[in-house]
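S.K.: Below: one structure in structure tokens.
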Amino acid sequence: MYSLVNELERLAAVFRQAGISYEIVGGVAVNAHILEAQRSRSFLTRDIDVLMLQEDLPALVSFAAAAGYEAKKSMGGHALILPGQHLEEAVHILFIGKKPRSTYPVANPALSPEEKEIYGVSVPVAPLRDLLTMKLNSLRDKDKVQLQILDEVGLITDAVLSDVPEILQTRLQELRTKWQAEDLEL
């Protein structure tokens, strides 16, 4: 946990020095929203996901190198890795308006950051509607778990969902139906 906090601080400094707009997405951003609603439902995550403009990547790589990061191309985007880190612990970079995988129904959203404090660090975080879009887009097992927690703490409201693409709203409804069936089995 401490290394994640240190990395979040280091990353925020790199973006600030480079003058690049970005927002935190992924599990760290989900935690930022959950912790505001119900502190007991947070979870551990090993990496940091960032959404930014692809055109800003060369400047980011330059400033990140000065902070000790090595840039690597990865599936669906790029990563910044510190010496001794595994890819699962790295900073993963996603791009606005791009699909990380061709099979995703919609592209990543535009930046609309909300300043939030997470683990004692103030950073720009994706709004809930954009997180839902990205989580429902990828729909990996860990995304499903995070979506279920967001739903259980009451953060997935009709108002938030109204701005999420319809194809992804359908995915959420299918997940909710599955969760309800699993609850009945218990």
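To be explicit about the labels: the chains of the structure tokens are called A, B, and onward in the order shown, and within each one the residues are counted from 1, while ligands get numbers from 1 in the order they are shown.
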Name the residues of range 36-125 of chain A that fall into strand (DSSP E or B) according to DSSP on the backbone, using the chain letters and numbers of this document, as a PyMOL selection string.
M.R.: chain A and resi 48-52+70-74+77-81+91-95+114-118+121-125
S.K.: Using 10 Å as the limit and counting only C-alpha atoms, can you tabulate each residue of range 7-71 of chain A that touches range 151-170 of chain A, with its shortest atom-to-atom distance in Å and the two atoms involved, as a tab-separated table?
M.R.:
residue	atom	partner	partner_atom	distance
A:His33	CA	A:Leu155	CA	8.1
A:Ile34	CA	A:Val153	CA	7.5
A:Ala37	CA	A:Val153	CA	6.9
A:Gln38	CA	A:Val153	CA	6.8
A:Arg41	CA	A:Val153	CA	8.0
S.K.: Write out as a list in words each polymer residue whose atoms come within 10 Å of Pro83 in chain A, counting only C-alpha atoms; drop sequence neighbours fewer than 2 positions from it.
M.R.: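 Residues near the query, excluding close chain neighbours: Gly68, Tyr69, Glu70, Ile81, Gln85 and His86 of chain A.
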S.K.: Write out as a VMD selection string the residues lying within 7 Å of range 123-133 of chain A, counting only C-alpha atoms and excluding same-chain residues fewer than 3 positions away.
M.R.: chain A and resid 12 23 to 25 29 109 112 to 117 136 to 137 160 to 161 163 to 164 168
S.K.: Find the spatial neighbours of Leu44 in chain A, counting only C-alpha atoms, within a cut-off of 10 Å - ignore same-chain residues fewer than 5 positions away - and output them as a list in words.
M.R.: Met1, Leu4, Gly27, Val28 and Asn31 of chain A
S.K.: Would you please work out which residue, of A:Val91, A:Ala71, A:Ala107, A:Ala66, is nearest to Leu11 in chain A when using only C-alpha atoms?
M.R.: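 That would be A:Val91, the residue with the smallest distance to Leu11 in chain A.
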S.K.: Would you give me, as a ChimeraX atom specification, the residues in range 16-181 of chain A that DSSP reads as helix (DSSP H, G or I)?
M.R.: /A:16-18,26-37,39-41,54-66,87-89,128-138,141-152,158-161,166-181
S.K.: To one decimal in Å, tell me the separation between CA of Pro105 in chain A and CA of Arg140 in chain A.
M.R.: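 That distance, rounded to one decimal, is 13.9 Å.
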S.K.: Counting only C-alpha atoms, figure out which residue out of A:Lys144, A:Lys73, A:Leu150, A:Arg101 gets nearest to Glu174 in chain A.
M.R.: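 Distance minimum relative to Glu174 in chain A lands on A:Lys144.
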S.K.: Which one is closest to Ile48 in chain A: A:Arg10, A:His92, A:Lys135, A:Lys72? Count only C-alpha atoms.
M.R.: A:His92
S.K.: Looking at only C-alpha atoms, which of A:Ile149, A:Val50, A:Val121, A:Val61 is the one that sits closest to Ile93 in chain A?
M.R.: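 Looking only at the distances to Ile93 in chain A, the closest residue turns out to be A:Val50.
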S.K.: In Å, with one decimal, what is the gap from CA of Thr45 in chain A to CA of Leu147 in chain A?
M.R.: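 Atom-to-atom, CA of Thr45 in chain A to CA of Leu147 in chain A, that is 14.4 Å.
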S.K.: Select, from A:Leu172, A:Ala90, A:Leu184, A:Met134, the residue with the minimum atom-to-atom distance to Leu8 in chain A, counting only C-alpha atoms.
M.R.: A:Ala90
S.K.: What does the structure give for the distance between CA of Glu182 in chain A and CA of Ser138 in chain A, in Å to one decimal?
M.R.: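 CA of Glu182 in chain A sits 21.9 Å away from CA of Ser138 in chain A.
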S.K.: Would you mind telling me which residue in A:Ser122, A:Ala64, A:Ala18, A:Ala181 lies nearest to Leu80 in chain A when using only C-alpha atoms?
M.R.: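 Checking each candidate against Leu80 in chain A, we get A:Ala64 as the closest.
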